[in-house]
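Asker: As input, take final32.cif (mmCIF, C-alpha atoms):
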data_my_file
#
loop_
_atom_site.group_PDB
_atom_site.id
_atom_site.type_symbol
_atom_site.label_atom_id
_atom_site.label_comp_id
_atom_site.auth_asym_id
_atom_site.auth_seq_id
_atom_site.Cartn_x
_atom_site.Cartn_y
_atom_site.Cartn_z
ATOM 1 C CA MET A 146 -24.495 -4.096 -5.807
ATOM 2 C CA ALA A 147 -21.946 -1.329 -5.347
ATOM 3 C CA THR A 148 -18.932 -1.993 -3.150
ATOM 4 C CA ARG A 149 -18.955 0.417 -0.225
ATOM 5 C CA ILE A 150 -15.535 1.907 0.489
ATOM 6 C CA VAL A 151 -14.768 4.286 3.341
ATOM 7 C CA VAL A 152 -12.133 6.784 2.185
ATOM 8 C CA ASP A 153 -10.365 8.703 4.940
ATOM 9 C CA VAL A 154 -9.284 12.064 3.485
ATOM 10 C CA MET A 155 -7.779 13.627 6.605
ATOM 11 C CA GLY A 156 -4.202 13.656 7.900
ATOM 12 C CA ALA A 157 -2.453 13.180 4.543
ATOM 13 C CA ASP A 158 0.042 15.464 2.801
ATOM 14 C CA ARG A 159 -2.505 16.575 0.188
ATOM 15 C CA PRO A 160 -5.691 18.545 0.989
ATOM 16 C CA PRO A 161 -9.007 16.647 1.204
ATOM 17 C CA GLY A 162 -10.290 18.154 -2.040
ATOM 18 C CA GLU A 163 -7.536 16.536 -4.105
ATOM 19 C CA LEU A 164 -8.076 13.157 -2.480
ATOM 20 C CA VAL A 165 -11.823 13.393 -3.051
ATOM 21 C CA ALA A 166 -11.279 14.250 -6.723
ATOM 22 C CA GLY A 167 -9.051 11.222 -7.235
ATOM 23 C CA ALA A 168 -11.447 8.855 -5.493
ATOM 24 C CA LEU A 169 -14.396 10.171 -7.498
ATOM 25 C CA ALA A 170 -12.494 9.564 -10.737
ATOM 26 C CA ALA A 171 -12.351 5.873 -9.813
ATOM 27 C CA ALA A 172 -16.032 5.891 -8.858
ATOM 28 C CA ASP A 173 -16.882 7.099 -12.372
ATOM 29 C CA ARG A 174 -15.487 3.829 -13.744
ATOM 30 C CA LEU A 175 -16.289 1.303 -11.032
ATOM 31 C CA PRO A 176 -19.443 0.119 -9.203
ATOM 32 C CA VAL A 177 -18.451 1.623 -5.870
ATOM 33 C CA HIS A 178 -20.177 3.787 -3.288
ATOM 34 C CA LEU A 179 -17.726 6.066 -1.503
ATOM 35 C CA ILE A 180 -18.073 7.167 2.103
ATOM 36 C CA PHE A 181 -15.671 10.050 2.708
ATOM 37 C CA ALA A 182 -14.546 10.261 6.334
ATOM 38 C CA GLY A 183 -13.471 13.712 7.428
ATOM 39 C CA ARG A 184 -14.635 17.249 7.998
ATOM 40 C CA ARG A 185 -17.843 17.781 6.056
ATOM 41 C CA ARG A 186 -17.085 21.419 5.327
ATOM 42 C CA LEU A 187 -13.855 20.408 3.572
ATOM 43 C CA ILE A 188 -15.416 17.576 1.587
ATOM 44 C CA GLU A 189 -18.886 18.618 0.408
ATOM 45 C CA PRO A 190 -17.720 21.523 -1.792
ATOM 46 C CA HIS A 191 -15.909 18.939 -3.930
ATOM 47 C CA LEU A 192 -18.837 16.528 -4.276
ATOM 48 C CA PRO A 193 -21.015 16.907 -7.375
ATOM 49 C CA GLU A 194 -24.708 16.226 -6.833
ATOM 50 C CA GLU A 195 -24.641 13.105 -8.996
ATOM 51 C CA ALA A 196 -21.689 11.548 -7.136
ATOM 52 C CA HIS A 197 -22.140 8.060 -5.704
ATOM 53 C CA ALA A 198 -20.823 9.223 -2.373
ATOM 54 C CA GLU A 199 -21.695 10.415 1.103
ATOM 55 C CA VAL A 200 -19.845 12.028 3.996
ATOM 56 C CA LEU A 201 -19.067 10.592 7.416
ATOM 57 C CA ASP A 202 -18.612 13.860 9.278
ATOM 58 C CA CYS A 203 -15.551 13.647 11.560
ATOM 59 C CA GLU A 204 -14.065 16.778 13.059
ATOM 60 C CA GLU A 205 -11.225 14.845 14.675
ATOM 61 C CA PHE A 206 -8.349 13.256 12.761
ATOM 62 C CA VAL A 207 -4.872 11.858 13.409
ATOM 63 C CA PRO A 208 -2.059 14.198 12.228
ATOM 64 C CA PRO A 209 0.745 12.621 10.151
ATOM 65 C CA ASP A 210 3.318 13.014 12.922
ATOM 66 C CA ALA A 211 1.119 11.844 15.818
ATOM 67 C CA PRO A 212 2.012 8.641 17.698
ATOM 68 C CA PRO A 213 -0.158 5.648 16.717
ATOM 69 C CA VAL A 214 -1.572 5.367 20.241
ATOM 70 C CA GLN A 215 -3.502 8.591 19.556
ATOM 71 C CA ALA A 216 -5.724 6.652 17.162
ATOM 72 C CA ILE A 217 -6.698 4.355 19.991
ATOM 73 C CA ARG A 218 -7.271 6.974 22.663
ATOM 74 C CA ASN A 219 -9.483 9.180 20.521
ATOM 75 C CA ARG A 220 -12.319 7.134 19.044
ATOM 76 C CA ALA A 221 -13.805 10.179 17.310
ATOM 77 C CA THR A 222 -11.103 10.340 14.615
ATOM 78 C CA SER A 223 -11.846 9.724 10.941
ATOM 79 C CA ILE A 224 -9.679 6.599 11.033
ATOM 80 C CA VAL A 225 -11.466 4.933 13.940
ATOM 81 C CA ARG A 226 -14.971 5.926 12.859
ATOM 82 C CA GLY A 227 -14.321 4.762 9.316
ATOM 83 C CA LEU A 228 -13.057 1.399 10.536
ATOM 84 C CA GLU A 229 -16.124 1.066 12.740
ATOM 85 C CA LEU A 230 -18.308 1.134 9.618
ATOM 86 C CA VAL A 231 -16.381 -1.872 8.310
ATOM 87 C CA ALA A 232 -16.724 -3.650 11.672
ATOM 88 C CA GLU A 233 -20.481 -3.003 11.655
ATOM 89 C CA GLY A 234 -20.904 -4.347 8.124
ATOM 90 C CA LYS A 235 -21.825 -0.926 6.741
ATOM 91 C CA ALA A 236 -18.844 -0.874 4.378
ATOM 92 C CA GLU A 237 -16.758 -3.521 2.634
ATOM 93 C CA ALA A 238 -13.414 -1.735 2.866
ATOM 94 C CA PHE A 239 -11.489 1.132 4.431
ATOM 95 C CA LEU A 240 -8.822 3.175 2.624
ATOM 96 C CA SER A 241 -6.565 5.840 4.118
ATOM 97 C CA PRO A 242 -3.512 7.851 2.996
ATOM 98 C CA GLY A 243 -3.113 9.064 6.574
ATOM 99 C CA ASN A 244 -0.872 8.041 9.462
ATOM 100 C CA THR A 245 0.094 4.413 8.741
ATOM 101 C CA GLY A 246 0.896 3.555 12.341
ATOM 102 C CA ALA A 247 -2.445 4.938 13.439
ATOM 103 C CA VAL A 248 -4.303 2.922 10.794
ATOM 104 C CA VAL A 249 -2.568 -0.286 11.908
ATOM 105 C CA ALA A 250 -3.203 0.359 15.603
ATOM 106 C CA ALA A 251 -6.837 1.321 15.028
ATOM 107 C CA ALA A 252 -7.458 -1.678 12.754
ATOM 108 C CA LEU A 253 -6.188 -4.029 15.454
ATOM 109 C CA LEU A 254 -8.350 -2.280 18.031
ATOM 110 C CA VAL A 255 -11.567 -2.019 16.028
ATOM 111 C CA LEU A 256 -11.385 -5.091 13.789
ATOM 112 C CA GLY A 257 -8.922 -7.380 15.535
ATOM 113 C CA ARG A 258 -6.668 -10.037 14.027
ATOM 114 C CA LEU A 259 -7.977 -12.934 12.010
ATOM 115 C CA PRO A 260 -7.990 -16.264 13.859
ATOM 116 C CA GLY A 261 -4.534 -17.746 13.433
ATOM 117 C CA ALA A 262 -2.907 -14.469 12.387
ATOM 118 C CA LYS A 263 0.245 -13.914 14.429
ATOM 119 C CA ARG A 264 0.901 -10.343 13.286
ATOM 120 C CA PRO A 265 -0.517 -8.097 10.527
ATOM 121 C CA GLY A 266 1.580 -7.380 7.453
ATOM 122 C CA LEU A 267 1.350 -4.426 5.078
ATOM 123 C CA CYS A 268 1.749 -5.677 1.499
ATOM 124 C CA ALA A 269 3.050 -2.849 -0.711
ATOM 125 C CA SER A 270 3.436 -2.914 -4.495
ATOM 126 C CA LEU A 271 6.586 -1.561 -6.141
ATOM 127 C CA PRO A 272 7.013 -0.661 -9.816
ATOM 128 C CA THR A 273 9.873 -2.447 -11.596
ATOM 129 C CA LEU A 274 11.779 -2.123 -14.845
ATOM 130 C CA ALA A 275 10.575 -5.625 -15.691
ATOM 131 C CA GLY A 276 7.103 -4.179 -16.231
ATOM 132 C CA ARG A 277 5.194 -6.059 -13.549
ATOM 133 C CA GLU A 278 4.906 -4.931 -9.967
ATOM 134 C CA LEU A 279 6.702 -6.582 -7.078
ATOM 135 C CA LEU A 280 5.107 -7.095 -3.658
ATOM 136 C CA LEU A 281 6.897 -6.408 -0.390
ATOM 137 C CA ILE A 282 5.483 -7.554 2.940
ATOM 138 C CA ASP A 283 5.860 -6.164 5.588
ATOM 139 C CA ALA A 284 6.099 -2.469 4.672
ATOM 140 C CA GLY A 285 5.740 -1.146 8.210
ATOM 141 C CA ALA A 286 2.981 -2.801 10.233
ATOM 142 C CA THR A 287 5.148 -5.016 12.479
ATOM 143 C CA ALA A 288 8.504 -3.473 13.345
ATOM 144 C CA ASP A 289 9.919 -6.307 15.493
ATOM 145 C CA PRO A 290 8.700 -9.599 14.039
ATOM 146 C CA ARG A 291 9.803 -13.122 14.873
ATOM 147 C CA PRO A 292 10.800 -15.711 12.242
ATOM 148 C CA GLU A 293 7.374 -17.361 12.321
ATOM 149 C CA HIS A 294 5.774 -13.991 11.562
ATOM 150 C CA LEU A 295 7.861 -13.664 8.393
ATOM 151 C CA ALA A 296 6.860 -17.180 7.369
ATOM 152 C CA GLN A 297 3.205 -16.199 7.725
ATOM 153 C CA PHE A 298 3.781 -12.961 5.812
ATOM 154 C CA ALA A 299 4.891 -15.134 2.901
ATOM 155 C CA GLU A 300 1.656 -17.112 3.051
ATOM 156 C CA MET A 301 -0.511 -13.977 3.114
ATOM 157 C CA GLY A 302 1.513 -12.191 0.447
ATOM 158 C CA VAL A 303 1.319 -15.128 -1.957
ATOM 159 C CA LEU A 304 -2.438 -15.366 -1.500
ATOM 160 C CA TYR A 305 -2.898 -11.644 -2.212
ATOM 161 C CA ALA A 306 -0.641 -11.851 -5.275
ATOM 162 C CA ARG A 307 -2.571 -14.803 -6.660
ATOM 163 C CA GLU A 308 -6.159 -13.935 -5.800
ATOM 164 C CA ALA A 309 -6.200 -10.138 -6.141
ATOM 165 C CA LEU A 310 -3.469 -9.471 -8.711
ATOM 166 C CA GLY A 311 -3.624 -12.583 -10.840
ATOM 167 C CA PHE A 312 -0.080 -13.904 -10.327
ATOM 168 C CA ALA A 313 -0.293 -17.528 -11.473
ATOM 169 C CA GLN A 314 2.551 -19.034 -9.407
ATOM 170 C CA PRO A 315 4.088 -16.358 -7.195
ATOM 171 C CA LYS A 316 7.707 -16.853 -6.154
ATOM 172 C CA VAL A 317 8.830 -15.778 -2.675
ATOM 173 C CA GLY A 318 12.140 -14.214 -1.659
ATOM 174 C CA LEU A 319 13.536 -13.211 1.730
ATOM 175 C CA LEU A 320 15.128 -9.762 1.914
ATOM 176 C CA SER A 321 18.733 -10.000 3.084
ATOM 177 C CA ILE A 322 22.234 -8.596 2.605
ATOM 178 C CA GLY A 323 23.327 -11.504 0.427
ATOM 179 C CA ALA A 324 21.936 -14.366 -1.611
ATOM 180 C CA GLU A 325 23.601 -17.036 0.529
ATOM 181 C CA ALA A 326 21.410 -18.800 3.101
ATOM 182 C CA LEU A 327 23.760 -17.915 5.970
ATOM 183 C CA LYS A 328 23.733 -14.180 5.219
ATOM 184 C CA GLY A 329 21.680 -11.810 7.356
ATOM 185 C CA ASP A 330 20.936 -11.295 11.024
ATOM 186 C CA LYS A 331 19.494 -13.896 13.389
ATOM 187 C CA LEU A 332 15.917 -13.074 12.337
ATOM 188 C CA VAL A 333 16.658 -13.525 8.630
ATOM 189 C CA ARG A 334 18.656 -16.713 9.094
ATOM 190 C CA SER A 335 15.931 -18.269 11.241
ATOM 191 C CA ALA A 336 13.196 -17.184 8.818
ATOM 192 C CA HIS A 337 15.187 -18.695 5.946
ATOM 193 C CA GLY A 338 15.045 -22.042 7.702
ATOM 194 C CA LEU A 339 11.260 -21.823 8.010
ATOM 195 C CA LEU A 340 10.734 -20.664 4.427
ATOM 196 C CA SER A 341 13.109 -23.175 2.840
ATOM 197 C CA GLY A 342 10.434 -25.867 2.970
ATOM 198 C CA ARG A 343 8.119 -23.892 0.678
ATOM 199 C CA PRO A 344 8.187 -25.040 -2.963
ATOM 200 C CA ASP A 345 7.744 -21.407 -4.063
ATOM 201 C CA PHE A 346 10.710 -20.114 -2.021
ATOM 202 C CA ALA A 347 13.535 -18.807 -4.225
ATOM 203 C CA GLY A 348 15.953 -17.910 -1.413
ATOM 204 C CA ASN A 349 17.401 -14.610 -0.284
ATOM 205 C CA VAL A 350 17.139 -11.472 -2.422
ATOM 206 C CA GLU A 351 19.097 -8.240 -2.098
ATOM 207 C CA PRO A 352 17.500 -4.771 -2.202
ATOM 208 C CA HIS A 353 19.527 -3.448 -5.129
ATOM 209 C CA VAL A 354 18.074 -5.980 -7.606
ATOM 210 C CA LEU A 355 14.406 -5.619 -6.687
ATOM 211 C CA LEU A 356 13.473 -2.942 -9.221
ATOM 212 C CA THR A 357 15.918 -3.939 -11.966
ATOM 213 C CA GLU A 358 15.934 -7.746 -12.041
ATOM 214 C CA ARG A 359 12.685 -8.427 -10.149
ATOM 215 C CA PRO A 360 13.980 -11.823 -8.973
ATOM 216 C CA VAL A 361 10.732 -12.852 -7.221
ATOM 217 C CA ASP A 362 7.085 -11.815 -6.980
ATOM 218 C CA VAL A 363 6.772 -11.481 -3.193
ATOM 219 C CA VAL A 364 9.568 -10.161 -0.974
ATOM 220 C CA VAL A 365 9.280 -10.985 2.716
ATOM 221 C CA THR A 366 10.852 -8.857 5.433
ATOM 222 C CA GLY A 367 10.196 -7.227 8.792
ATOM 223 C CA GLY A 368 8.300 -3.957 8.996
ATOM 224 C CA PHE A 369 11.314 -1.814 9.895
ATOM 225 C CA ALA A 370 13.544 -3.160 7.126
ATOM 226 C CA GLY A 371 10.654 -3.142 4.656
ATOM 227 C CA ASN A 372 9.705 0.461 5.267
ATOM 228 C CA LEU A 373 13.353 1.509 5.168
ATOM 229 C CA THR A 374 13.859 -0.315 1.863
ATOM 230 C CA ILE A 375 10.860 1.332 0.228
ATOM 231 C CA LYS A 376 11.914 4.811 1.358
ATOM 232 C CA ALA A 377 15.488 4.235 0.179
ATOM 233 C CA LEU A 378 14.268 3.057 -3.235
ATOM 234 C CA GLU A 379 11.909 6.036 -3.536
ATOM 235 C CA GLY A 380 14.661 8.446 -2.511
ATOM 236 C CA GLY A 381 17.126 6.941 -4.970
ATOM 237 C CA ALA A 382 14.614 7.168 -7.806
ATOM 238 C CA GLU A 383 13.796 10.795 -6.986
ATOM 239 C CA ALA A 384 17.494 11.682 -6.788
ATOM 240 C CA SER A 385 18.157 10.068 -10.174
ATOM 241 C CA TRP A 386 15.317 11.960 -11.850
ATOM 242 C CA SER A 387 16.420 15.241 -10.247
ATOM 243 C CA ALA A 388 19.985 14.732 -11.472
ATOM 244 C CA LEU A 389 18.740 13.902 -14.964
ATOM 245 C CA LYS A 390 16.574 17.025 -15.117
ATOM 246 C CA ALA A 391 19.461 19.193 -13.905
ATOM 247 C CA SER A 392 21.851 17.790 -16.516
ATOM 248 C CA ILE A 393 19.340 18.420 -19.304
ATOM 249 C CA ARG A 394 19.369 22.142 -18.522
ATOM 250 C CA THR A 395 23.155 22.505 -18.823
ATOM 251 C CA GLY A 396 23.364 23.334 -22.519
ATOM 252 C CA TRP A 397 21.765 23.225 -25.938
ATOM 253 C CA ARG A 398 23.201 19.783 -26.750
ATOM 254 C CA SER A 399 21.636 18.326 -23.629
ATOM 255 C CA LYS A 400 18.330 19.983 -24.382
ATOM 256 C CA LEU A 401 18.397 18.674 -27.956
ATOM 257 C CA GLY A 402 19.136 15.153 -26.745
ATOM 258 C CA ALA A 403 16.387 15.401 -24.164
ATOM 259 C CA GLY A 404 13.943 16.419 -26.861
ATOM 260 C CA LEU A 405 14.796 13.351 -28.886
ATOM 261 C CA LEU A 406 14.474 11.124 -25.839
ATOM 262 C CA ARG A 407 11.332 12.766 -24.520
ATOM 263 C CA PRO A 408 8.875 9.989 -25.558
ATOM 264 C CA ALA A 409 11.082 7.288 -24.027
ATOM 265 C CA LEU A 410 11.636 9.259 -20.842
ATOM 266 C CA LYS A 411 7.914 9.913 -20.437
ATOM 267 C CA ALA A 412 7.147 6.234 -20.902
ATOM 268 C CA LEU A 413 9.791 5.262 -18.335
ATOM 269 C CA ALA A 414 8.506 7.824 -15.831
ATOM 270 C CA ALA A 415 4.971 6.519 -16.218
ATOM 271 C CA ARG A 416 6.061 2.897 -15.816
ATOM 272 C CA MET A 417 8.060 3.602 -12.652
ATOM 273 C CA SER A 418 5.502 5.919 -11.037
ATOM 274 C CA TYR A 419 4.104 4.692 -7.714
ATOM 275 C CA ASP A 420 0.786 6.314 -8.658
ATOM 276 C CA ARG A 421 -0.198 3.229 -10.663
ATOM 277 C CA TYR A 422 0.409 0.874 -7.722
ATOM 278 C CA ASN A 423 -0.939 2.898 -4.829
ATOM 279 C CA GLY A 424 -2.809 1.054 -2.080
ATOM 280 C CA ALA A 425 -1.359 -1.642 0.196
ATOM 281 C CA PRO A 426 -3.612 -4.106 2.046
ATOM 282 C CA LEU A 427 -3.083 -4.693 5.754
ATOM 283 C CA LEU A 428 -3.245 -8.474 5.740
ATOM 284 C CA GLY A 429 -4.156 -10.443 8.849
ATOM 285 C CA VAL A 430 -6.966 -8.269 10.234
ATOM 286 C CA GLN A 431 -10.697 -9.001 10.181
ATOM 287 C CA GLY A 432 -11.655 -6.589 7.445
ATOM 288 C CA LEU A 433 -10.264 -5.104 4.250
ATOM 289 C CA VAL A 434 -7.983 -2.220 5.236
ATOM 290 C CA MET A 435 -5.913 -0.459 2.574
ATOM 291 C CA VAL A 436 -3.152 2.066 3.218
ATOM 292 C CA ALA A 437 -2.336 4.600 0.507
ATOM 293 C CA HIS A 438 0.827 6.673 0.171
ATOM 294 C CA GLY A 439 0.855 9.753 2.399
ATOM 295 C CA ARG A 440 1.745 11.902 -0.604
ATOM 296 C CA SER A 441 -1.007 10.460 -2.803
ATOM 297 C CA SER A 442 -1.879 12.660 -5.768
ATOM 298 C CA PRO A 443 -5.401 12.589 -7.242
ATOM 299 C CA ARG A 444 -4.223 10.034 -9.801
ATOM 300 C CA ALA A 445 -2.640 7.908 -7.082
ATOM 301 C CA MET A 446 -5.830 8.063 -5.036
ATOM 302 C CA GLU A 447 -7.819 6.936 -8.054
ATOM 303 C CA ALA A 448 -5.530 3.914 -8.370
ATOM 304 C CA ALA A 449 -5.853 3.171 -4.650
ATOM 305 C CA VAL A 450 -9.649 3.109 -4.824
ATOM 306 C CA GLU A 451 -9.481 0.821 -7.857
ATOM 307 C CA ARG A 452 -7.068 -1.533 -6.061
ATOM 308 C CA THR A 453 -9.332 -1.535 -3.016
ATOM 309 C CA TYR A 454 -12.317 -2.442 -5.158
ATOM 310 C CA TRP A 455 -10.564 -5.393 -6.794
ATOM 311 C CA ALA A 456 -9.249 -6.634 -3.447
ATOM 312 C CA ALA A 457 -12.801 -6.576 -2.114
ATOM 313 C CA LYS A 458 -14.154 -8.380 -5.169
ATOM 314 C CA ALA A 459 -11.424 -11.023 -4.863
ATOM 315 C CA GLY A 460 -12.413 -11.757 -1.267
ATOM 316 C CA VAL A 461 -8.883 -11.245 -0.002
ATOM 317 C CA VAL A 462 -9.836 -11.238 3.679
ATOM 318 C CA ASP A 463 -11.803 -14.486 3.384
ATOM 319 C CA GLY A 464 -8.969 -16.020 1.409
ATOM 320 C CA VAL A 465 -6.369 -15.115 4.023
ATOM 321 C CA SER A 466 -8.660 -16.368 6.767
ATOM 322 C CA ALA A 467 -9.088 -19.717 5.012
ATOM 323 C CA ALA A 468 -5.333 -20.036 4.423
ATOM 324 C CA LEU A 469 -4.533 -19.344 8.080
ATOM 325 C CA SER A 470 -7.065 -21.909 9.266
ATOM 326 C CA ARG A 471 -5.494 -24.746 7.276
#
Would you mind writing the file out in structure tokens?

Answerer:
Amino acid sequence: MATRIVVDVMGADRPPGELVAGALAAADRLPVHLIFAGRRRLIEPHLPEEAHAEVLDCEEFVPPDAPPVQAIRNRATSIVRGLELVAEGKAEAFLSPGNTGAVVAAALLVLGRLPGAKRPGLCASLPTLAGRELLLIDAGATADPRPEHLAQFAEMGVLYAREALGFAQPKVGLLSIGAEALKGDKLVRSAHGLLSGRPDFAGNVEPHVLLTERPVDVVVTGGFAGNLTIKALEGGAEASWSALKASIRTGWRSKLGAGLLRPALKALAARMSYDRYNGAPLLGVQGLVMVAHGRSSPRAMEAAVERTYWAAKAGVVDGVSAALSR
């Protein structure tokens, strides 16, 4: 039986047609049935007759810069109506590259938290030079967590890493400004005390080694620090590539060297592209909710649908629920 995935294609940086094309590329390879939530007139022109897809016609949507509360006040938006299909058992998962805050707020409203879940955590995947992705939770769902929330994020992140991504024995690290246990603010120091009893806890990790050394599999942090870290890493990577491209154009020697290095540079760019790792589960809510990057390209959207499918097949929500009930 095909896995039914609601794909919200409104409110992102890219037009609906590009998002639809990316999602359909995944549907060509996977046993999924896509339900595109958004304005029918913007979606149907991009749907071939043989597509395993339908449209949930929604004229209303949440703009990228709108406050999250708007998703709660207006129940006619593509985010809320798509989540309602999951709540009603008419879809197995919901995926959106739209307003992250709105998705989190609407998921809590429509689906609610799992029994035992203190706060939801967004578990994002980051590409690394080590070759395997690194998970960071929370990437922006809970801005002001308490130490016990971070301890639970570790539990949920480890389960997702193991069950959905196949990490055999995930190691956990706590994001901080130094490796020493006493480094960090009050939240980090208190969370360190709670996490230190875990056999999989490797201690504090610093942001600058995440992509190069990949010291752990799951990095735990609060939503504000997590989102800030991801944006800083993305900005640094983009700045480095821009500087490299500019230097290549400075003369014939640079261009010759770039030509010789072209295969290696292309391979590195592909390995470090977020497109391959797009799609972060919102763990701790009663339904599979995935958040894609707001700038998702068609290829990134294809990856997000694939990641959503495998998370659904792995029973991530049931697994988290069982872990929280122990």

Asker: If you apply the PyMOL selection byres ((chain A and resi 169-172) around 10) to this file, what residues do you get, as a PyMOL selection string?

Answerer: chain A and resi 147+163-168+173-179+191-193+196-198+443-444+446-452+454

Asker: To verify the selection step, state as a CSV table (one decimal) with C-alpha atoms, in the frame of the given file which residues the PyMOL selection byres ((chain A and resi 232-248) around 6) yields on this input.

Answerer:
chain,number,residue,atom,x,y,z
A,149,ARG,CA,-19.0,0.4,-0.2
A,150,ILE,CA,-15.5,1.9,0.5
A,151,VAL,CA,-14.8,4.3,3.3
A,152,VAL,CA,-12.1,6.8,2.2
A,153,ASP,CA,-10.4,8.7,4.9
A,156,GLY,CA,-4.2,13.7,7.9
A,157,ALA,CA,-2.5,13.2,4.5
A,209,PRO,CA,0.7,12.6,10.2
A,213,PRO,CA,-0.2,5.6,16.7
A,216,ALA,CA,-5.7,6.7,17.2
A,229,GLU,CA,-16.1,1.1,12.7
A,230,LEU,CA,-18.3,1.1,9.6
A,231,VAL,CA,-16.4,-1.9,8.3
A,249,VAL,CA,-2.6,-0.3,11.9
A,250,ALA,CA,-3.2,0.4,15.6
A,251,ALA,CA,-6.8,1.3,15.0
A,252,ALA,CA,-7.5,-1.7,12.8
A,256,LEU,CA,-11.4,-5.1,13.8
A,433,LEU,CA,-10.3,-5.1,4.2
A,434,VAL,CA,-8.0,-2.2,5.2
A,435,MET,CA,-5.9,-0.5,2.6
A,436,VAL,CA,-3.2,2.1,3.2
A,437,ALA,CA,-2.3,4.6,0.5
A,438,HIS,CA,0.8,6.7,0.2
A,439,GLY,CA,0.9,9.8,2.4

Asker: I need the residue set behind the PyMOL selection byres ((chain A and resi 221) around 12) for this file; please write it as a list in words.

Answerer: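 Applied to this file, the PyMOL selection byres ((chain A and resi 221) around 12) returns Ala182, Gly183, Arg184, Leu201, Asp202, Cys203, Glu204, Glu205, Phe206, Val207, Gln215, Ala216, Ile217, Arg218, Asn219, Arg220, Thr222, Ser223, Ile224, Val225, Arg226, Gly227, Leu228, Glu229 and Ala251 of chain A.
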
Asker: Quick check, in Å to one decimal: how far apart do atom CA of A:Val361 and atom CA of A:Leu279 lie?

Answerer: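 For atom CA of A:Val361 relative to atom CA of A:Leu279, the distance reads 7.5 Å.
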
Asker: At a cut-off of 8 Å, using all atoms listed in the file, what residues contact stretch 457-461 of chain A? Leave out same-chain residues fewer than 2 positions from it and give the result as a list in words.

Answerer: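 Residues meeting the cut-off are Thr148, Glu237, Ala238, Leu304, Tyr305, Glu308, Ala309, Leu433, Thr453, Tyr454, Trp455, Asp463, Gly464 and Val465 of chain A.
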
Asker: Pick out the closest residue to A:Arg291 from this set: A:Ala347, A:Leu310, A:Leu187, A:Leu332. Count all atoms listed in the file.

Answerer: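 Checking each of A:Ala347, A:Leu310, A:Leu187, A:Leu332 against A:Arg291, counting all atoms listed in the file, the winner is A:Leu332.
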
Asker: By how many Å are atom CA of A:Gly348 and atom CA of A:Gly424 apart?

Answerer: 26.7 Å

Asker: With distances taken over only C-alpha atoms, which of A:Leu295, A:Val214, A:Leu355, A:Met155 is nearest to A:Ile188?

Answerer: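 The closest residue to A:Ile188 is A:Met155.
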
Asker: Identify which of the residues A:Arg307, A:His294, A:Lys331, A:Arg277 lies closest to A:Lys263, counting all atoms listed in the file when measuring atom-to-atom distances.

Answerer: A:His294

Asker: Using all atoms listed in the file, which of the listed residues (A:Gly329, A:Gly342, A:Gly429, A:Gly285) sits closest to A:Thr374?

Answerer: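 Smallest separation from A:Thr374 among the options: A:Gly285.
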
Asker: Could you tell me how far atom CA of A:Asn372 sits from atom CA of A:Ala384, in Å to one decimal place?

Answerer: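 Atom CA of A:Asn372 lies 18.2 Å from atom CA of A:Ala384.
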
Asker: Need the shell around A:Ser466: protein/DNA/RNA residues with any atom at most 8 Å away, counting all atoms listed in the file. Skip same-chain ones fewer than 5 positions apart. Format as a PyMOL selection string?

Answerer: chain A and resi 259-261+429

Asker: With distances taken over all atoms listed in the file, which residue among A:Ile180, A:Leu271, A:Val363, A:Ala336 lies nearest A:Leu378?

Answerer: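 Among the listed residues, A:Leu271 lies closest to A:Leu378.
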
Asker: Let me make sure I understand: among A:Leu469, A:Leu274, A:Ala445, A:Met146, which one has the smallest atom-to-atom distance to A:Leu356 if we use all atoms listed in the file?

Answerer: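 That would be A:Leu274, the residue with the smallest distance to A:Leu356.
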